[in-house]
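Read through the structure below, which is laid out as structure tokens, and then see the notes.
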Amino acid sequence: MKKRLLLTALAAIFVAPLAIAQTASKPLRIIVAFAPGGPVDAMARTISEPLGRSLGRTVIVENKPGASGAIGANEVLKSDADGSTLWLTSVGAAAINPALYPKLSYNMQKDFVPVSLVANNNEVFVANITHTAKDAVEFIAAARAKKEPTPIGSSGKGSIPHLALLQLEQSTGVDLLHVPYNGMAPALNDLLGGQVSGFFADVPAVMAQIKGGRLKALGMASKKRHPLLPDVKTFEEQGFKSVDTNNWYGLFASAKTSPEVIKALNKAVQQAVADPTANTKMTQSGAEPKSSTPEELGAMLKADTEKWAQLIKSSNITGDE
């Protein structure tokens, strides 16, 4: 019995480096479940070059949009479970979809293993520049005074912007008219055009419009102010509790991937996120570069899955058919 255990242990010692070496000869694919040009795609392309240097291999970004992230997720699961195909996803497909879609084609807890966090993205509430409000307090006061609900856009039902809107409604007691769009771009276009009055968005997605004077930033849905928007108060500072989101981006691999490969990938991702050029580019866009251990990302996934499931259930939200 002892001899058998010893042989098994020795086999593991020699097989693991061999598996990593074999994987290293293949290009690394980062699957993005969104179309090119979006914030997750931009993040993937920002880290791909330093990640490739850290691993000593080619890194390819592939866009697999559709089915609320399921097409991208399934692309990873049908690929070899050797760490050569990773999924870079926002919190939506990872922690929100399980509550929105009872028949989801993947199970985050069983099918995937965390590799590392890549970035945090806080949500900022923005309004059309013509709106009279100077902050969220004035915006809510104006909405409360209107006979008809104020229209607020989102990038889709069950998206982070939609859930932030629900948090705002619960915090203020004001009914707002949710106007879901098929993605951020059309929602932002209608906000700029005045068809909707407000919108929650990742800071990088609207930073150019804020700095260019085309949108007003009225409140941060976060625990602290954003370094690029130091004058924009959090909702908590403005008297509105529990309006707090974090649209993090993280890398996941197939759960069948060996722990040794995950460990090697995690080390490389941490180096890529810390790369001065990539780090500066992410920071200047408004994102917060942040890597993690696999266990830390797993804990975030679990906590956010529970958090958003409670809000989705209490608000009777279901995913689009």
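Each chain of the structure tokens is named A, B, ... in the order shown, its residues numbered from 1; ligands are numbered from 1 in display order.
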
Q | 7 Å contact set for Leu176 of chain A, only C-alpha atoms, chain neighbours under 6 positions out, as a list of chain:residue names | A |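 Counting only C-alpha atoms, the residues come to A:Pro149, A:Thr150, A:Pro151, A:Ile152, A:Glu169.
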
Q) Contacts of Glu306 of chain A at 12 Å or less, counting only C-alpha atoms, minus same-chain residues fewer than 2 places along, as an MDAnalysis selection string? A) chainID A and resid 94:99 299:304 308:313

Restrict the selected residues to N, CA and C atoms and save them as a PDB file, in the first residue's frame.
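File result12.pdb, as written:
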```
ATOM      1  N   ALA A  94     -20.675  35.296 -15.211  1.00  0.00           N
ATOM      2  CA  ALA A  94     -20.169  34.391 -14.179  1.00  0.00           C
ATOM      3  C   ALA A  94     -21.071  34.314 -12.958  1.00  0.00           C
ATOM      4  N   ALA A  95     -21.524  35.463 -12.453  1.00  0.00           N
ATOM      5  CA  ALA A  95     -22.233  35.482 -11.166  1.00  0.00           C
ATOM      6  C   ALA A  95     -23.702  35.869 -11.250  1.00  0.00           C
ATOM      7  N   ILE A  96     -24.134  36.461 -12.373  1.00  0.00           N
ATOM      8  CA  ILE A  96     -25.523  36.904 -12.502  1.00  0.00           C
ATOM      9  C   ILE A  96     -26.358  35.921 -13.317  1.00  0.00           C
ATOM     10  N   ASN A  97     -25.777  35.399 -14.398  1.00  0.00           N
ATOM     11  CA  ASN A  97     -26.519  34.478 -15.264  1.00  0.00           C
ATOM     12  C   ASN A  97     -27.129  33.275 -14.549  1.00  0.00           C
ATOM     13  N   PRO A  98     -26.449  32.682 -13.558  1.00  0.00           N
ATOM     14  CA  PRO A  98     -27.043  31.514 -12.894  1.00  0.00           C
ATOM     15  C   PRO A  98     -28.421  31.784 -12.289  1.00  0.00           C
ATOM     16  N   ALA A  99     -28.657  33.007 -11.830  1.00  0.00           N
ATOM     17  CA  ALA A  99     -29.967  33.341 -11.267  1.00  0.00           C
ATOM     18  C   ALA A  99     -30.964  33.760 -12.340  1.00  0.00           C
ATOM     19  N   ALA A 299     -13.871  33.136  -4.073  1.00  0.00           N
ATOM     20  CA  ALA A 299     -14.674  33.710  -2.986  1.00  0.00           C
ATOM     21  C   ALA A 299     -15.522  34.871  -3.491  1.00  0.00           C
ATOM     22  N   MET A 300     -14.963  35.699  -4.378  1.00  0.00           N
ATOM     23  CA  MET A 300     -15.728  36.807  -4.962  1.00  0.00           C
ATOM     24  C   MET A 300     -16.892  36.277  -5.793  1.00  0.00           C
ATOM     25  N   LEU A 301     -16.621  35.234  -6.577  1.00  0.00           N
ATOM     26  CA  LEU A 301     -17.662  34.634  -7.405  1.00  0.00           C
ATOM     27  C   LEU A 301     -18.806  34.115  -6.543  1.00  0.00           C
ATOM     28  N   LYS A 302     -18.477  33.422  -5.465  1.00  0.00           N
ATOM     29  CA  LYS A 302     -19.495  32.864  -4.583  1.00  0.00           C
ATOM     30  C   LYS A 302     -20.323  33.976  -3.927  1.00  0.00           C
ATOM     31  N   ALA A 303     -19.641  34.998  -3.403  1.00  0.00           N
ATOM     32  CA  ALA A 303     -20.335  36.083  -2.715  1.00  0.00           C
ATOM     33  C   ALA A 303     -21.237  36.863  -3.660  1.00  0.00           C
ATOM     34  N   ASP A 304     -20.742  37.153  -4.870  1.00  0.00           N
ATOM     35  CA  ASP A 304     -21.553  37.932  -5.814  1.00  0.00           C
ATOM     36  C   ASP A 304     -22.695  37.104  -6.397  1.00  0.00           C
ATOM     37  N   TRP A 308     -26.352  38.819  -5.993  1.00  0.00           N
ATOM     38  CA  TRP A 308     -27.204  39.185  -7.116  1.00  0.00           C
ATOM     39  C   TRP A 308     -28.409  38.260  -7.230  1.00  0.00           C
ATOM     40  N   ALA A 309     -28.270  37.010  -6.810  1.00  0.00           N
ATOM     41  CA  ALA A 309     -29.416  36.095  -6.835  1.00  0.00           C
ATOM     42  C   ALA A 309     -30.529  36.596  -5.920  1.00  0.00           C
ATOM     43  N   GLN A 310     -30.165  37.133  -4.768  1.00  0.00           N
ATOM     44  CA  GLN A 310     -31.168  37.665  -3.845  1.00  0.00           C
ATOM     45  C   GLN A 310     -31.924  38.830  -4.462  1.00  0.00           C
ATOM     46  N   LEU A 311     -31.194  39.751  -5.111  1.00  0.00           N
ATOM     47  CA  LEU A 311     -31.833  40.910  -5.730  1.00  0.00           C
ATOM     48  C   LEU A 311     -32.703  40.494  -6.915  1.00  0.00           C
ATOM     49  N   ILE A 312     -32.201  39.569  -7.726  1.00  0.00           N
ATOM     50  CA  ILE A 312     -32.957  39.104  -8.896  1.00  0.00           C
ATOM     51  C   ILE A 312     -34.236  38.399  -8.462  1.00  0.00           C
ATOM     52  N   LYS A 313     -34.133  37.571  -7.437  1.00  0.00           N
ATOM     53  CA  LYS A 313     -35.308  36.851  -6.937  1.00  0.00           C
ATOM     54  C   LYS A 313     -36.329  37.803  -6.350  1.00  0.00           C
TER      55      LYS A 313
END
```

Q: Please provide as a VMD selection string all residues within 8 Å of segment 154-161 of chain A, with the sequence filter that same-chain residues fewer than 2 positions apart are discarded (counting only C-alpha atoms).
A: chain A and resid 92 96 100 123 152 163 to 165 178 to 185 187 199 to 201 245 247 312 317 to 320

Q: Name the closest residue to Thr234 of chain A among the candidates A:Asp82, A:Glu49, A:Asp41, A:Asp135; distances are taken between atoms, counting only C-alpha atoms.
A: A:Asp135

Q: Going by DSSP on the backbone, which bits of segment 125-321 of chain A are alpha helix (DSSP H)? Write them as a count of residues only, please.
A: 89

(Q) Which residues are near segment 77-81 of chain A? Cut-off 12 Å, only C-alpha atoms, ignore same chain within fewer than 5 positions. Put them as a PyMOL selection string. (A) chain A and resi 19-20+23+26+28-31+70-72+86-87+105-108+110-113+252-259+261-262

Q) atom CA of Pro27 of chain A and atom CA of Ser48 of chain A are how many Å apart? A) 11.3 Å

Using only C-alpha atoms, which residues sit within 7 Å of Asn63 of chain A once same-chain residues fewer than 2 positions away are excluded, as an mmCIF file with N, CA, C and O atoms, in the first residue's frame?
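Generated output (selection_28.cif):
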```cif
data_model
loop_
_atom_site.group_PDB
_atom_site.id
_atom_site.type_symbol
_atom_site.label_atom_id
_atom_site.label_comp_id
_atom_site.auth_asym_id
_atom_site.auth_seq_id
_atom_site.Cartn_x
_atom_site.Cartn_y
_atom_site.Cartn_z
ATOM 1 N N ILE A 31 -10.793 33.610 -24.573
ATOM 2 C CA ILE A 31 -12.122 33.714 -25.149
ATOM 3 C C ILE A 31 -12.866 34.870 -24.485
ATOM 4 O O ILE A 31 -12.975 34.936 -23.261
ATOM 5 N N VAL A 32 -13.372 35.785 -25.308
ATOM 6 C CA VAL A 32 -14.151 36.927 -24.834
ATOM 7 C C VAL A 32 -15.576 36.755 -25.349
ATOM 8 O O VAL A 32 -15.785 36.641 -26.556
ATOM 9 N N ALA A 33 -16.537 36.729 -24.431
ATOM 10 C CA ALA A 33 -17.922 36.463 -24.825
ATOM 11 C C ALA A 33 -18.651 37.732 -25.249
ATOM 12 O O ALA A 33 -19.863 37.880 -25.035
ATOM 13 N N PHE A 34 -17.914 38.670 -25.832
ATOM 14 C CA PHE A 34 -18.483 39.926 -26.305
ATOM 15 C C PHE A 34 -17.860 40.267 -27.650
ATOM 16 O O PHE A 34 -16.794 39.763 -28.001
ATOM 17 N N ALA A 35 -18.519 41.175 -28.384
ATOM 18 C CA ALA A 35 -18.013 41.585 -29.685
ATOM 19 C C ALA A 35 -16.746 42.420 -29.535
ATOM 20 O O ALA A 35 -16.492 42.995 -28.471
ATOM 21 N N PRO A 36 -15.928 42.503 -30.583
ATOM 22 C CA PRO A 36 -14.712 43.332 -30.532
ATOM 23 C C PRO A 36 -15.059 44.791 -30.251
ATOM 24 O O PRO A 36 -16.112 45.289 -30.656
ATOM 25 N N VAL A 61 -6.555 36.478 -28.775
ATOM 26 C CA VAL A 61 -7.867 36.862 -28.258
ATOM 27 C C VAL A 61 -8.921 36.491 -29.294
ATOM 28 O O VAL A 61 -8.816 36.877 -30.460
ATOM 29 N N PRO A 65 -19.208 36.148 -29.071
ATOM 30 C CA PRO A 65 -20.369 36.774 -28.440
ATOM 31 C C PRO A 65 -21.643 35.970 -28.654
ATOM 32 O O PRO A 65 -21.726 35.112 -29.538
#
```

**Q.** Spatial neighbours of Thr130 of chain A, max dist 12 Å, only C-alpha atoms, sep filter under 2 positions, as number ranges by chain
**A.** A: 126-128, 132-134, 191-198, 213-216

Any chance you can output those residues with N, CA and C atoms as a PDB file, in the first residue's frame?
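After the write, out-v3.pdb holds the following:
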```
ATOM      1  N   VAL A 126     -24.582  58.352 -14.781  1.00  0.00           N
ATOM      2  CA  VAL A 126     -24.418  59.526 -15.635  1.00  0.00           C
ATOM      3  C   VAL A 126     -25.765  59.986 -16.172  1.00  0.00           C
ATOM      4  N   ALA A 127     -25.850  61.280 -16.453  1.00  0.00           N
ATOM      5  CA  ALA A 127     -27.064  61.873 -17.012  1.00  0.00           C
ATOM      6  C   ALA A 127     -26.691  62.725 -18.218  1.00  0.00           C
ATOM      7  N   ASN A 128     -27.687  63.000 -19.035  1.00  0.00           N
ATOM      8  CA  ASN A 128     -27.481  63.891 -20.173  1.00  0.00           C
ATOM      9  C   ASN A 128     -27.036  65.261 -19.659  1.00  0.00           C
ATOM     10  N   THR A 132     -30.828  69.179 -15.303  1.00  0.00           N
ATOM     11  CA  THR A 132     -30.536  70.250 -14.335  1.00  0.00           C
ATOM     12  C   THR A 132     -29.802  69.767 -13.089  1.00  0.00           C
ATOM     13  N   ALA A 133     -29.846  68.452 -12.807  1.00  0.00           N
ATOM     14  CA  ALA A 133     -29.247  67.929 -11.577  1.00  0.00           C
ATOM     15  C   ALA A 133     -27.730  68.057 -11.572  1.00  0.00           C
ATOM     16  N   LYS A 134     -27.200  68.424 -10.406  1.00  0.00           N
ATOM     17  CA  LYS A 134     -25.749  68.493 -10.230  1.00  0.00           C
ATOM     18  C   LYS A 134     -25.195  67.240  -9.547  1.00  0.00           C
ATOM     19  N   LEU A 191     -28.941  57.968 -24.476  1.00  0.00           N
ATOM     20  CA  LEU A 191     -28.707  58.892 -23.370  1.00  0.00           C
ATOM     21  C   LEU A 191     -28.137  60.208 -23.903  1.00  0.00           C
ATOM     22  N   LEU A 192     -27.183  60.122 -24.797  1.00  0.00           N
ATOM     23  CA  LEU A 192     -26.617  61.320 -25.403  1.00  0.00           C
ATOM     24  C   LEU A 192     -27.660  62.079 -26.211  1.00  0.00           C
ATOM     25  N   GLY A 193     -28.606  61.334 -26.791  1.00  0.00           N
ATOM     26  CA  GLY A 193     -29.660  61.963 -27.586  1.00  0.00           C
ATOM     27  C   GLY A 193     -30.845  62.449 -26.780  1.00  0.00           C
ATOM     28  N   GLY A 194     -30.872  62.116 -25.478  1.00  0.00           N
ATOM     29  CA  GLY A 194     -31.950  62.596 -24.625  1.00  0.00           C
ATOM     30  C   GLY A 194     -33.175  61.709 -24.569  1.00  0.00           C
ATOM     31  N   GLN A 195     -33.117  60.515 -25.172  1.00  0.00           N
ATOM     32  CA  GLN A 195     -34.274  59.616 -25.134  1.00  0.00           C
ATOM     33  C   GLN A 195     -34.446  58.991 -23.750  1.00  0.00           C
ATOM     34  N   VAL A 196     -33.371  58.816 -23.011  1.00  0.00           N
ATOM     35  CA  VAL A 196     -33.426  58.386 -21.612  1.00  0.00           C
ATOM     36  C   VAL A 196     -32.669  59.427 -20.789  1.00  0.00           C
ATOM     37  N   SER A 197     -32.955  59.445 -19.483  1.00  0.00           N
ATOM     38  CA  SER A 197     -32.402  60.515 -18.642  1.00  0.00           C
ATOM     39  C   SER A 197     -31.125  60.134 -17.910  1.00  0.00           C
ATOM     40  N   GLY A 198     -30.912  58.840 -17.689  1.00  0.00           N
ATOM     41  CA  GLY A 198     -29.743  58.417 -16.931  1.00  0.00           C
ATOM     42  C   GLY A 198     -29.308  57.020 -17.310  1.00  0.00           C
ATOM     43  N   GLY A 213     -17.377  66.600 -21.593  1.00  0.00           N
ATOM     44  CA  GLY A 213     -18.511  67.463 -21.276  1.00  0.00           C
ATOM     45  C   GLY A 213     -19.810  67.062 -21.941  1.00  0.00           C
ATOM     46  N   ARG A 214     -19.909  65.811 -22.392  1.00  0.00           N
ATOM     47  CA  ARG A 214     -21.142  65.362 -23.058  1.00  0.00           C
ATOM     48  C   ARG A 214     -22.078  64.644 -22.095  1.00  0.00           C
ATOM     49  N   LEU A 215     -21.557  64.204 -20.953  1.00  0.00           N
ATOM     50  CA  LEU A 215     -22.363  63.553 -19.929  1.00  0.00           C
ATOM     51  C   LEU A 215     -21.986  64.108 -18.555  1.00  0.00           C
ATOM     52  N   LYS A 216     -22.953  64.095 -17.629  1.00  0.00           N
ATOM     53  CA  LYS A 216     -22.705  64.469 -16.246  1.00  0.00           C
ATOM     54  C   LYS A 216     -22.550  63.215 -15.399  1.00  0.00           C
TER      55      LYS A 216
END
```

Which neighbours of Gly250 of chain A fall inside 6 Å, counting only C-alpha atoms, when residues of the same chain fewer than 2 positions from it are skipped, and could you give them as a PDB file with N, CA, C and O atoms, in the first residue's frame?
```pdb
ATOM      1  N   LEU A  88     -12.192  35.029 -20.375  1.00  0.00           N
ATOM      2  CA  LEU A  88     -12.189  36.312 -19.668  1.00  0.00           C
ATOM      3  C   LEU A  88     -13.620  36.829 -19.675  1.00  0.00           C
ATOM      4  O   LEU A  88     -14.176  37.131 -20.731  1.00  0.00           O
ATOM      5  N   THR A  89     -14.214  36.912 -18.499  1.00  0.00           N
ATOM      6  CA  THR A  89     -15.614  37.306 -18.404  1.00  0.00           C
ATOM      7  C   THR A  89     -15.814  38.383 -17.362  1.00  0.00           C
ATOM      8  O   THR A  89     -15.034  38.503 -16.411  1.00  0.00           O
ATOM      9  N   SER A 116      -7.530  33.964 -12.112  1.00  0.00           N
ATOM     10  CA  SER A 116      -7.172  35.217 -11.444  1.00  0.00           C
ATOM     11  C   SER A 116      -8.149  36.324 -11.817  1.00  0.00           C
ATOM     12  O   SER A 116      -8.691  36.347 -12.927  1.00  0.00           O
ATOM     13  N   LEU A 117      -8.350  37.228 -10.897  1.00  0.00           N
ATOM     14  CA  LEU A 117      -9.009  38.488 -11.202  1.00  0.00           C
ATOM     15  C   LEU A 117      -8.071  39.293 -12.098  1.00  0.00           C
ATOM     16  O   LEU A 117      -6.844  39.130 -12.036  1.00  0.00           O
ATOM     17  N   VAL A 118      -8.634  40.134 -12.945  1.00  0.00           N
ATOM     18  CA  VAL A 118      -7.828  40.993 -13.822  1.00  0.00           C
ATOM     19  C   VAL A 118      -8.063  42.470 -13.510  1.00  0.00           C
ATOM     20  O   VAL A 118      -7.123  43.271 -13.497  1.00  0.00           O
TER      21      VAL A 118
END
```

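Using only C-alpha atoms for every distance, the candidate list A:Met43, A:Leu55, A:Ala73, A:Val115 yields A:Val115 as the residue closest to Glu295 of chain A.
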
Q.
When you count only C-alpha atoms, which of these residues is closest to Arg57 of chain A: A:Asn316, A:Ser25, A:Lys233, A:Arg225?
A.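 Answer, going by the shortest atom-to-atom distance: A:Ser25.
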
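If only C-alpha atoms are the atoms counted, then among A:Leu218, A:Gly153, A:Gly286, A:Ser315 the closest residue to Pro186 of chain A is A:Gly153.
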